[in-house]
>>> print(open('my_file-v4.tsv').read())   # TSV, C-alpha atoms
chain	number	residue	atom	x	y	z
T	20	MET	CA	89.66	133.89	120.15
T	21	ILE	CA	90.92	130.64	118.83
T	22	VAL	CA	93.49	129.20	121.16
T	23	CYS	CA	94.29	125.88	119.57
T	24	LEU	CA	93.90	123.96	116.34
T	25	ALA	CA	94.68	120.30	115.90
T	26	VAL	CA	94.64	117.80	113.07
T	27	VAL	CA	94.47	114.21	114.23
T	28	GLY	CA	94.93	111.25	111.89
T	29	HIS	CA	92.75	108.23	111.62
T	30	GLU	CA	94.77	106.25	114.15
T	31	ASN	CA	94.36	109.13	116.56
T	32	ASN	CA	97.93	110.18	115.90
T	33	PRO	CA	98.55	113.93	115.99
T	34	LEU	CA	99.40	115.42	112.62
T	35	TYR	CA	99.40	119.07	113.46
T	36	ILE	CA	98.90	120.93	116.73
T	37	GLN	CA	99.18	124.66	116.91
T	38	SER	CA	98.30	126.91	119.79
T	39	PHE	CA	97.68	130.56	119.29
T	40	THR	CA	98.08	131.98	122.77
T	41	GLU	CA	101.12	133.64	124.21
T	42	SER	CA	100.80	131.98	127.57
T	43	ASP	CA	102.45	128.70	128.26
T	44	ASP	CA	99.51	126.37	128.69
T	45	ALA	CA	100.16	124.41	125.51
T	46	LEU	CA	100.09	121.19	127.50
T	47	LYS	CA	96.66	121.89	128.89
T	48	LEU	CA	95.39	122.51	125.38
T	49	HIS	CA	96.91	119.27	124.16
T	50	HIS	CA	95.12	117.52	126.97
T	51	ILE	CA	91.79	119.08	126.01
T	52	VAL	CA	92.30	118.03	122.40
T	53	HIS	CA	93.10	114.51	123.52
T	54	CYS	CA	89.96	114.26	125.62
T	55	SER	CA	87.78	115.54	122.81
T	56	LEU	CA	88.96	112.63	120.65
T	57	ASP	CA	86.95	110.36	122.93
T	58	VAL	CA	83.85	112.44	122.36
T	59	ILE	CA	84.32	112.19	118.62
T	60	ASP	CA	84.68	108.43	118.74
T	61	GLU	CA	81.56	108.19	120.81
T	62	ARG	CA	79.59	110.32	118.39
T	63	VAL	CA	80.78	108.38	115.38
T	64	ASN	CA	80.22	104.92	116.77
T	65	ASN	CA	76.88	105.47	118.41
T	66	PRO	CA	74.98	107.88	116.26
T	67	LYS	CA	72.03	109.41	118.04
T	68	LYS	CA	68.88	108.51	116.23
T	69	SER	CA	67.72	112.09	116.39
T	70	SER	CA	70.71	113.45	114.49
T	71	PRO	CA	69.84	114.44	110.92
T	72	THR	CA	72.48	112.35	109.23
T	73	ILE	CA	75.25	110.17	110.55
T	74	ASN	CA	77.47	111.05	107.66
T	75	GLU	CA	77.80	114.73	108.45
T	76	ALA	CA	81.36	116.03	108.42
T	77	PHE	CA	80.88	118.91	110.84
T	78	LEU	CA	80.34	117.46	114.31
T	79	GLY	CA	79.53	120.69	116.06
T	80	LEU	CA	80.24	121.56	119.64
T	81	LEU	CA	81.88	118.55	121.23
T	82	TYR	CA	81.91	119.68	124.80
T	83	PRO	CA	82.21	122.94	126.65
T	84	THR	CA	84.77	123.06	129.48
T	85	GLU	CA	85.21	125.85	132.03
T	86	ASN	CA	86.27	128.56	129.68
T	87	TYR	CA	86.81	126.75	126.37
T	88	LYS	CA	84.55	125.43	123.66
T	89	VAL	CA	85.70	122.56	121.48
T	90	TYR	CA	84.41	122.01	117.95
T	91	GLY	CA	85.05	118.97	115.82
T	92	TYR	CA	85.05	118.10	112.12
T	93	LEU	CA	85.54	114.68	110.61
T	94	THR	CA	86.67	114.14	107.03
T	95	ASN	CA	86.04	111.11	104.84
T	96	THR	CA	89.39	109.64	105.66
T	97	LYS	CA	88.74	109.67	109.39
T	98	VAL	CA	91.01	112.65	109.84
T	99	LYS	CA	89.73	114.89	112.59
T	100	PHE	CA	90.04	118.62	112.92
T	101	ILE	CA	89.65	120.02	116.42
T	102	LEU	CA	89.18	123.66	117.23
T	103	VAL	CA	89.48	125.04	120.76
T	104	THR	CA	88.20	128.53	121.30
T	105	THR	CA	87.48	130.90	124.18
T	106	ASP	CA	84.72	132.83	122.46
T	107	LEU	CA	81.41	132.46	124.16
T	108	ASP	CA	79.11	133.70	121.43
T	109	ILE	CA	80.35	132.03	118.31
T	110	ARG	CA	77.95	131.35	115.45
T	111	ASP	CA	77.69	127.86	114.04
T	112	ALA	CA	77.96	129.19	110.50
T	113	ASP	CA	81.26	130.88	111.30
T	114	VAL	CA	82.77	127.68	112.58
T	115	ARG	CA	81.55	125.72	109.56
T	116	ASN	CA	83.08	128.32	107.29
T	117	PHE	CA	86.32	128.14	109.21
T	118	PHE	CA	86.46	124.36	108.91
T	119	ARG	CA	85.79	124.55	105.20
T	120	LYS	CA	88.79	126.81	104.65
T	121	PHE	CA	90.87	124.72	106.98
T	122	HIS	CA	89.92	121.58	105.07
T	123	ALA	CA	91.02	123.24	101.83
T	124	ALA	CA	94.40	124.10	103.35
T	125	TYR	CA	94.71	120.55	104.71
T	126	VAL	CA	93.96	118.98	101.31
T	127	ASP	CA	96.62	121.16	99.72
T	128	ALA	CA	99.14	120.15	102.36
T	129	VAL	CA	98.41	116.44	101.92
T	130	SER	CA	98.62	116.65	98.12
T	131	ASN	CA	102.27	117.50	98.52
T	132	PRO	CA	104.17	114.50	97.12
T	133	PHE	CA	106.77	114.90	99.81
T	134	HIS	CA	104.29	114.57	102.59
T	135	VAL	CA	104.30	111.12	104.15
T	136	PRO	CA	100.77	110.19	105.18
T	137	GLY	CA	100.67	109.49	108.87
T	138	LYS	CA	103.58	111.73	109.71
T	139	ARG	CA	103.30	115.26	111.00
T	140	ILE	CA	102.56	118.04	108.56
T	141	THR	CA	105.75	120.03	108.28
T	142	SER	CA	104.84	122.36	105.46
T	143	ARG	CA	105.56	125.98	106.24
T	144	THR	CA	102.99	127.14	103.70
T	145	PHE	CA	100.35	125.20	105.56
T	146	GLY	CA	101.34	126.92	108.79
T	147	GLU	CA	101.11	130.34	107.20
T	148	ARG	CA	97.77	129.64	105.56
T	149	VAL	CA	96.41	128.38	108.85
T	150	SER	CA	97.47	131.52	110.70
T	151	THR	CA	95.87	133.66	108.00
T	152	ILE	CA	92.61	131.74	108.35
T	153	VAL	CA	92.74	132.03	112.13
T	154	LYS	CA	93.32	135.78	111.95
T	155	SER	CA	90.47	136.33	109.52
T	156	PHE	CA	88.23	134.23	111.72
T	157	GLY	CA	89.00	136.42	114.70
T	158	LEU	CA	88.17	139.55	112.74
T	159	SER	CA	84.98	138.27	111.17
T	160	SER	CA	83.45	137.02	114.38
T	161	ALA	CA	84.38	140.13	116.29
T	162	SER	CA	82.41	142.32	113.90
W	2	MET	CA	77.56	124.56	66.04
W	3	ILE	CA	80.37	127.00	66.14
W	4	GLY	CA	79.55	130.61	66.72
W	5	VAL	CA	75.98	130.11	67.82
W	6	GLY	CA	75.10	131.47	71.22
W	7	LYS	CA	78.12	133.58	71.89
W	8	ALA	CA	78.96	134.44	75.45
W	9	LYS	CA	78.21	137.93	76.66
W	10	GLN	CA	80.58	140.41	75.04
W	11	TYR	CA	82.43	142.62	77.45
W	12	ALA	CA	83.24	146.15	76.39
W	13	ASN	CA	86.47	146.20	78.28
W	14	VAL	CA	88.79	143.21	78.20
W	15	LEU	CA	89.55	143.71	81.86
W	16	ASP	CA	85.93	143.09	82.76
W	17	ARG	CA	85.92	139.55	81.45
W	18	PRO	CA	85.76	136.87	84.13
W	19	ILE	CA	89.00	135.00	84.63
W	20	GLY	CA	87.46	131.55	84.30
W	21	LYS	CA	88.41	128.33	85.97
W	22	GLY	CA	91.04	127.38	83.45
W	23	LYS	CA	91.44	124.06	81.68
W	24	GLN	CA	90.94	121.13	83.97
W	25	GLU	CA	92.76	118.76	81.69
W	26	VAL	CA	96.31	117.67	81.15
W	27	SER	CA	97.44	116.56	77.70
W	28	LEU	CA	97.33	112.79	77.20
W	29	SER	CA	100.76	112.72	75.61
W	30	ALA	CA	102.33	114.45	78.61
W	31	PHE	CA	100.83	111.87	80.91
W	32	ALA	CA	101.77	108.99	78.60
W	33	PHE	CA	105.40	110.08	78.53
W	34	LEU	CA	105.50	110.56	82.27
W	35	PHE	CA	103.92	107.19	82.91
W	36	SER	CA	106.29	105.47	80.49
W	37	GLU	CA	109.22	107.00	82.36
W	38	LEU	CA	107.74	105.81	85.65
W	39	VAL	CA	107.49	102.25	84.33
W	40	GLN	CA	110.98	102.32	82.86
W	41	TYR	CA	112.49	103.76	86.02
W	42	ASN	CA	110.95	101.03	88.12
W	43	GLN	CA	111.86	98.35	85.64
W	44	ILE	CA	115.55	99.17	85.91
W	45	GLN	CA	115.50	98.90	89.66
W	46	VAL	CA	113.80	95.54	90.12
W	47	ASP	CA	114.60	91.97	89.16
W	48	ASN	CA	111.22	90.43	88.69
W	49	ILE	CA	107.73	91.16	87.49
W	50	ALA	CA	106.02	90.86	90.85
W	51	GLU	CA	108.23	93.54	92.34
W	52	LEU	CA	107.56	95.85	89.39
W	53	GLU	CA	103.86	95.37	89.81
W	54	ARG	CA	104.14	96.07	93.51
W	55	ARG	CA	106.04	99.29	92.92
W	56	LEU	CA	103.52	100.57	90.41
W	57	GLU	CA	100.77	99.74	92.84
W	58	ASP	CA	102.49	101.62	95.63
W	59	ALA	CA	102.84	104.64	93.39
W	60	GLY	CA	99.12	104.41	92.66
W	61	TYR	CA	98.33	104.07	96.36
W	62	ALA	CA	99.82	107.47	97.12
W	63	VAL	CA	97.78	109.00	94.30
W	64	GLY	CA	94.63	107.31	95.55
W	65	ALA	CA	95.03	108.64	99.07
W	66	ARG	CA	95.39	112.19	97.86
W	67	VAL	CA	92.62	111.91	95.30
W	68	LEU	CA	90.22	110.82	98.02
W	69	GLU	CA	91.04	113.81	100.20
W	70	LEU	CA	90.74	116.19	97.29
W	71	LEU	CA	87.48	114.80	95.96
W	72	CYS	CA	85.84	114.61	99.33
W	73	HIS	CA	86.54	118.21	99.90
W	74	ARG	CA	85.69	119.37	96.41
W	75	GLU	CA	82.77	117.33	95.27
W	76	LYS	CA	81.02	115.38	97.92
W	77	GLY	CA	79.66	118.06	100.18
W	78	ASN	CA	79.87	116.48	103.57
W	79	ARG	CA	78.73	112.93	103.18
W	80	ARG	CA	80.97	110.15	104.37
W	81	GLU	CA	80.53	106.80	102.64
W	82	ILE	CA	79.94	103.92	104.99
W	83	ARG	CA	78.23	101.46	102.66
W	84	LEU	CA	80.12	99.21	100.28
W	85	LEU	CA	78.01	100.04	97.24
W	86	GLY	CA	78.31	103.71	98.09
W	87	ILE	CA	82.07	103.76	97.99
W	88	LEU	CA	82.18	101.52	94.91
W	89	SER	CA	79.87	103.75	92.92
W	90	PHE	CA	81.87	106.74	94.13
W	91	ILE	CA	85.01	105.19	92.64
W	92	HIS	CA	83.25	104.00	89.54
W	93	SER	CA	81.83	107.39	88.65
W	94	THR	CA	83.40	110.32	90.49
W	95	VAL	CA	86.99	109.15	90.78
W	96	TRP	CA	87.08	107.79	87.25
W	97	LYS	CA	85.54	110.97	85.90
W	98	VAL	CA	88.11	113.16	87.59
W	99	LEU	CA	91.08	111.01	86.67
W	100	PHE	CA	90.17	109.75	83.21
W	101	GLY	CA	87.45	112.08	82.00
W	102	LYS	CA	84.71	109.46	81.82
W	103	VAL	CA	82.97	106.99	84.10
W	104	ALA	CA	84.22	103.42	84.17
W	105	ASP	CA	82.60	101.00	81.77
W	106	SER	CA	81.03	98.68	84.26
W	107	LEU	CA	80.86	97.65	87.89
W	108	GLU	CA	80.03	94.03	88.64
W	109	LYS	CA	79.73	91.84	91.65
W	110	GLY	CA	81.75	88.65	91.56
W	111	THR	CA	79.78	85.43	91.31
W	112	GLU	CA	82.13	83.03	93.01
W	113	HIS	CA	82.93	84.95	96.18
W	114	GLU	CA	80.89	87.36	98.26
W	115	ASP	CA	83.73	89.78	98.73
W	116	GLU	CA	84.79	90.31	95.13
W	117	TYR	CA	83.79	93.18	92.90
W	118	MET	CA	85.06	94.11	89.46
W	119	ILE	CA	85.39	97.37	87.63
W	120	SER	CA	85.99	96.82	83.92
W	121	GLU	CA	87.18	99.10	81.26
W	122	LYS	CA	87.53	98.38	77.56
W	123	GLU	CA	90.91	100.04	77.53
W	124	LEU	CA	92.55	101.70	80.48
W	125	LEU	CA	93.88	105.13	79.72
W	126	VAL	CA	97.25	104.27	81.19
W	127	ASN	CA	97.56	101.21	78.94
W	128	ARG	CA	96.72	103.02	75.76
W	129	PHE	CA	100.24	103.36	74.47
W	130	ILE	CA	101.69	100.30	76.16
W	131	SER	CA	102.07	96.82	74.77
W	132	ILE	CA	103.42	94.12	77.06
W	133	PRO	CA	106.19	91.93	75.63
W	134	LYS	CA	105.47	88.17	75.59
W	135	ASP	CA	108.14	87.34	78.12
W	136	MET	CA	106.49	89.44	80.79
W	137	GLY	CA	103.57	87.09	80.98
W	138	ALA	CA	100.56	88.42	82.78
W	139	PHE	CA	101.95	91.74	83.82
W	140	ASN	CA	99.58	94.68	83.48
W	141	CYS	CA	100.49	98.32	83.88
W	142	GLY	CA	96.98	98.75	85.12
W	143	ALA	CA	98.57	97.86	88.46
W	144	PHE	CA	98.96	101.61	88.80
W	145	VAL	CA	95.21	102.09	88.56
W	146	ALA	CA	94.69	99.17	90.90
W	147	GLY	CA	96.92	100.99	93.35
W	148	ILE	CA	94.84	104.14	93.02
W	149	VAL	CA	91.67	102.21	93.78
W	150	ARG	CA	93.33	100.52	96.74
W	151	GLY	CA	94.47	103.91	98.04
W	152	VAL	CA	90.96	105.31	97.86
W	153	LEU	CA	89.38	102.28	99.51
W	154	ASP	CA	91.98	101.96	102.23
W	155	ASN	CA	91.77	105.58	103.29
W	156	ALA	CA	87.99	105.54	103.23
W	157	GLY	CA	87.99	102.69	105.71
W	158	PHE	CA	87.45	99.70	103.39
W	159	PRO	CA	90.69	97.71	103.34
W	160	ALA	CA	90.91	95.58	100.21
W	161	VAL	CA	93.28	93.80	97.87
W	162	VAL	CA	93.04	95.21	94.38
W	163	THR	CA	94.59	93.74	91.25
W	164	ALA	CA	94.38	94.40	87.54
W	165	HIS	CA	93.81	91.62	85.00
W	166	PHE	CA	93.44	91.24	81.30
W	167	VAL	CA	90.28	89.45	80.33
W	168	PRO	CA	90.12	88.31	76.72
W	169	VAL	CA	86.85	89.12	75.01
W	170	ASP	CA	85.67	87.24	71.94
W	171	GLY	CA	85.40	89.33	68.88
W	172	GLN	CA	87.80	91.93	70.16
W	173	HIS	CA	91.41	92.12	69.27
W	174	ARG	CA	92.67	93.59	72.54
W	175	PRO	CA	91.58	92.12	75.85
W	176	ARG	CA	89.43	94.03	78.28
W	177	THR	CA	90.99	95.18	81.54
W	178	THR	CA	89.34	94.31	84.83
W	179	ILE	CA	90.20	95.70	88.22
W	180	LEU	CA	89.40	93.02	90.76
W	181	ILE	CA	88.60	94.25	94.26
W	182	LYS	CA	88.62	91.76	97.11
W	183	PHE	CA	87.48	93.25	100.37
W	184	ALA	CA	88.88	92.30	103.75
W	185	GLU	CA	86.83	90.23	106.16
W	186	GLU	CA	86.08	93.11	108.52
W	187	VAL	CA	84.48	95.13	105.76
W	188	LEU	CA	82.00	92.37	105.02
W	189	GLN	CA	81.20	91.90	108.67
W	190	ARG	CA	80.60	95.59	109.11
W	191	GLU	CA	78.43	95.64	106.03
W	192	ALA	CA	76.39	92.74	107.34
W	193	ARG	CA	75.98	94.51	110.66
W	194	LEU	CA	74.72	97.65	109.02
W	195	GLY	CA	72.06	95.59	107.32
>>> encode(input="my_file-v4.tsv", output="structure tokens")
Amino acid sequence: MIVCLAVVGHENNPLYIQSFTESDDALKLHHIVHCSLDVIDERVNNPKKSSPTINEAFLGLLYPTENYKVYGYLTNTKVKFILVTTDLDIRDADVRNFFRKFHAAYVDAVSNPFHVPGKRITSRTFGERVSTIVKSFGLSSAS
Amino acid sequence: MIGVGKAKQYANVLDRPIGKGKQEVSLSAFAFLFSELVQYNQIQVDNIAELERRLEDAGYAVGARVLELLCHREKGNRREIRLLGILSFIHSTVWKVLFGKVADSLEKGTEHEDEYMISEKELLVNRFISIPKDMGAFNCGAFVAGIVRGVLDNAGFPAVVTAHFVPVDGQHRPRTTILIKFAEEVLQREARLG
């Protein structure tokens, strides 16, 4: 179950944060997203010599907290996508697939001439596409 | 040759694949649009430098979006961190997507360490434009310079990019050169990466 999705710009400014739970712990999720930014910076600036390539976009599991797992994805323009989920047995391939679709939706939102880079993404279409992707992710991983 | 090697014939027209569609826009449509862009900006400003700056800003927005689009579409998941990497990316991939061909040449400047040049015999945007004498050294290639600056800036290589006419002997029209001057931090980072 995905609980939160965030897009963070290259100055670590939030561009889009959306939580998908009914309960009211949006603030806690924001906090988790914020902490995972540090992990991303660490990974990017000090690449482990054992990692296959330092230019990989998908960063994988950033850190597991008590009941959440946080995945990260870094695009070429230093824009970070962060996914917070409560599923315990998620496949890597599923998450990669999810990020690929999410990246496509993000590129479409940014290509909007009325979108100011650096400001929050306010496109309604983007929001709808994201919720569709999230729903299909929930169904595919549950099967 | 026409007609040789026909594609597979489908019995039913509904079975034919839809196809990706034409990836091109007509040159005349773009030329008209670009001419309107230049005219619109020309009315609003008083001097050449401001006009050049406006065209460059327009190009910057295009460059930012082109980078996002291309990185998602073409480059798999490699992020460029080397100078030559990003320059060859611009020189081939970006040029191919925007103008249908790779740029004519990519050179390193001889006087300064941080200068690189991309030259083109004739920029697509300048094809139907001739600059009046009283505008001096103005070049509508400032739009393309803006695109390059947008790509470099968003990829993490801040630079100052300008477009210049370079007269070539034996040729009637001068060649256009996009001059890229990287910021100090880019060179230091490059030196650190070895």
>>> interface_residues(input="my_file-v4.tsv", of="chain T", to="chain W", cutoff="9 Å", atoms="all atoms listed in the file", output="list of chain:residue names")
T:His29, T:Thr72, T:Ile73, T:Asn74, T:Glu75, T:Ala76, T:Phe77, T:Leu93, T:Thr94, T:Asn95, T:Thr96, T:Lys97, T:Arg119, T:His122, T:Ala123, T:Tyr125, T:Val126, T:Asp127, T:Val129, T:Ser130, T:Asn131, T:Pro132, T:Pro136
>>> residues_around(input="my_file-v4.tsv", residues="stretch 52-58 of chain W", least_positions_apart="4", cutoff="6 Å", atoms="all atoms listed in the file", output="list in words")
Ala143, Phe144 and Gly147 of chain W
>>> write_last_selection(input="my_file-v4.tsv", atoms="C-alpha atoms", output="tab-separated table (two decimals), in the frame of the given file")
chain	number	residue	atom	x	y	z
W	143	ALA	CA	98.57	97.86	88.46
W	144	PHE	CA	98.96	101.61	88.80
W	147	GLY	CA	96.92	100.99	93.35
>>> residues_around(input="my_file-v4.tsv", residues="stretch 101-104 of chain T", least_positions_apart="6", cutoff="6 Å", atoms="all atoms listed in the file", output="PyMOL selection string")
chain T and resi 20-25+87-91
>>> residues_around(input="my_file-v4.tsv", residues="stretch 93-105 of chain W", least_positions_apart="6", cutoff="8 Å", atoms="all atoms listed in the file", output="list in words")
Val67, Leu71, Ile119, Ser120, Glu121, Lys122 and Leu125 of chain W
>>> closest_residue(input="my_file-v4.tsv", among="W:Met118, W:Leu38, W:Leu124, W:Ile148", to="W:Leu180", atoms="only C-alpha atoms")
W:Met118
>>> atom_distance(input="my_file-v4.tsv", atom1="atom CA of W:Arg83", atom2="atom CA of W:Val145")
22.1 Å
>>> residues_around(input="my_file-v4.tsv", residues="T:Gly28", least_positions_apart="2", cutoff="8 Å", atoms="only C-alpha atoms", output="VMD selection string")
chain T and resid 26 30 to 34 97 to 99 137
>>> atom_distance(input="my_file-v4.tsv", atom1="atom CA of W:Gln40", atom2="atom CA of W:Gly142")
14.6 Å
>>> atom_distance(input="my_file-v4.tsv", atom1="atom CA of T:Tyr35", atom2="atom CA of T:Arg139")
6.0 Å
>>> residues_around(input="my_file-v4.tsv", residues="W:Pro175", least_positions_apart="3", cutoff="10 Å", atoms="all atoms listed in the file", output="PyMOL selection string")
chain W and resi 121-123+165-172+178
>>> build_atoms(input="my_file-v4.tsv", residues="stretch 72-95 of chain T", atoms="N, CA and C atoms", output="compact mmCIF listing (two decimals), in the frame of the given file")
# COMPACT_ATOMS: atom_id res chain seq x y z
N THR T 72 71.82 113.34 110.08
CA THR T 72 72.48 112.35 109.23
C THR T 72 73.74 111.90 109.95
N ILE T 73 74.06 110.63 109.85
CA ILE T 73 75.25 110.17 110.55
C ILE T 73 76.49 110.36 109.71
N ASN T 74 76.29 110.89 108.51
CA ASN T 74 77.47 111.05 107.66
C ASN T 74 77.92 112.49 107.57
N GLU T 75 77.46 113.32 108.47
CA GLU T 75 77.80 114.73 108.45
C GLU T 75 79.26 114.92 108.84
N ALA T 76 79.93 115.83 108.12
CA ALA T 76 81.36 116.03 108.42
C ALA T 76 81.54 116.91 109.65
N PHE T 77 80.72 117.98 109.73
CA PHE T 77 80.88 118.91 110.84
C PHE T 77 80.18 118.32 112.06
N LEU T 78 80.91 118.12 113.14
CA LEU T 78 80.34 117.46 114.31
C LEU T 78 79.77 118.44 115.31
N GLY T 79 80.10 119.70 115.15
CA GLY T 79 79.53 120.69 116.06
C GLY T 79 80.28 120.76 117.37
N LEU T 80 79.62 121.36 118.35
CA LEU T 80 80.24 121.56 119.64
C LEU T 80 80.42 120.21 120.31
N LEU T 81 81.65 119.86 120.64
CA LEU T 81 81.88 118.55 121.23
C LEU T 81 81.60 118.58 122.73
N TYR T 82 82.38 119.43 123.44
CA TYR T 82 81.91 119.68 124.80
C TYR T 82 82.45 121.01 125.28
N PRO T 83 81.71 121.69 126.08
CA PRO T 83 82.21 122.94 126.65
C PRO T 83 82.90 122.66 127.99
N THR T 84 84.10 123.16 128.17
CA THR T 84 84.77 123.06 129.48
C THR T 84 84.63 124.40 130.19
N GLU T 85 85.44 124.64 131.23
CA GLU T 85 85.21 125.85 132.03
C GLU T 85 85.24 127.10 131.19
N ASN T 86 86.31 127.33 130.46
CA ASN T 86 86.27 128.56 129.68
C ASN T 86 86.59 128.30 128.20
N TYR T 87 86.54 127.03 127.77
CA TYR T 87 86.81 126.75 126.37
C TYR T 87 85.62 126.04 125.75
N LYS T 88 85.52 126.22 124.42
CA LYS T 88 84.55 125.43 123.66
C LYS T 88 85.34 124.65 122.63
N VAL T 89 84.96 123.41 122.40
CA VAL T 89 85.70 122.56 121.48
C VAL T 89 84.77 122.13 120.34
N TYR T 90 85.20 122.41 119.11
CA TYR T 90 84.41 122.01 117.95
C TYR T 90 85.15 120.93 117.18
N GLY T 91 84.40 120.05 116.55
CA GLY T 91 85.05 118.97 115.82
C GLY T 91 84.55 118.87 114.39
N TYR T 92 85.38 118.26 113.53
CA TYR T 92 85.05 118.10 112.12
C TYR T 92 85.73 116.82 111.67
N LEU T 93 84.99 115.98 110.99
CA LEU T 93 85.54 114.68 110.61
C LEU T 93 85.52 114.57 109.09
N THR T 94 86.66 114.27 108.49
CA THR T 94 86.67 114.14 107.03
C THR T 94 86.41 112.69 106.64
N ASN T 95 86.33 112.45 105.35
CA ASN T 95 86.04 111.11 104.84
C ASN T 95 87.10 110.10 105.17
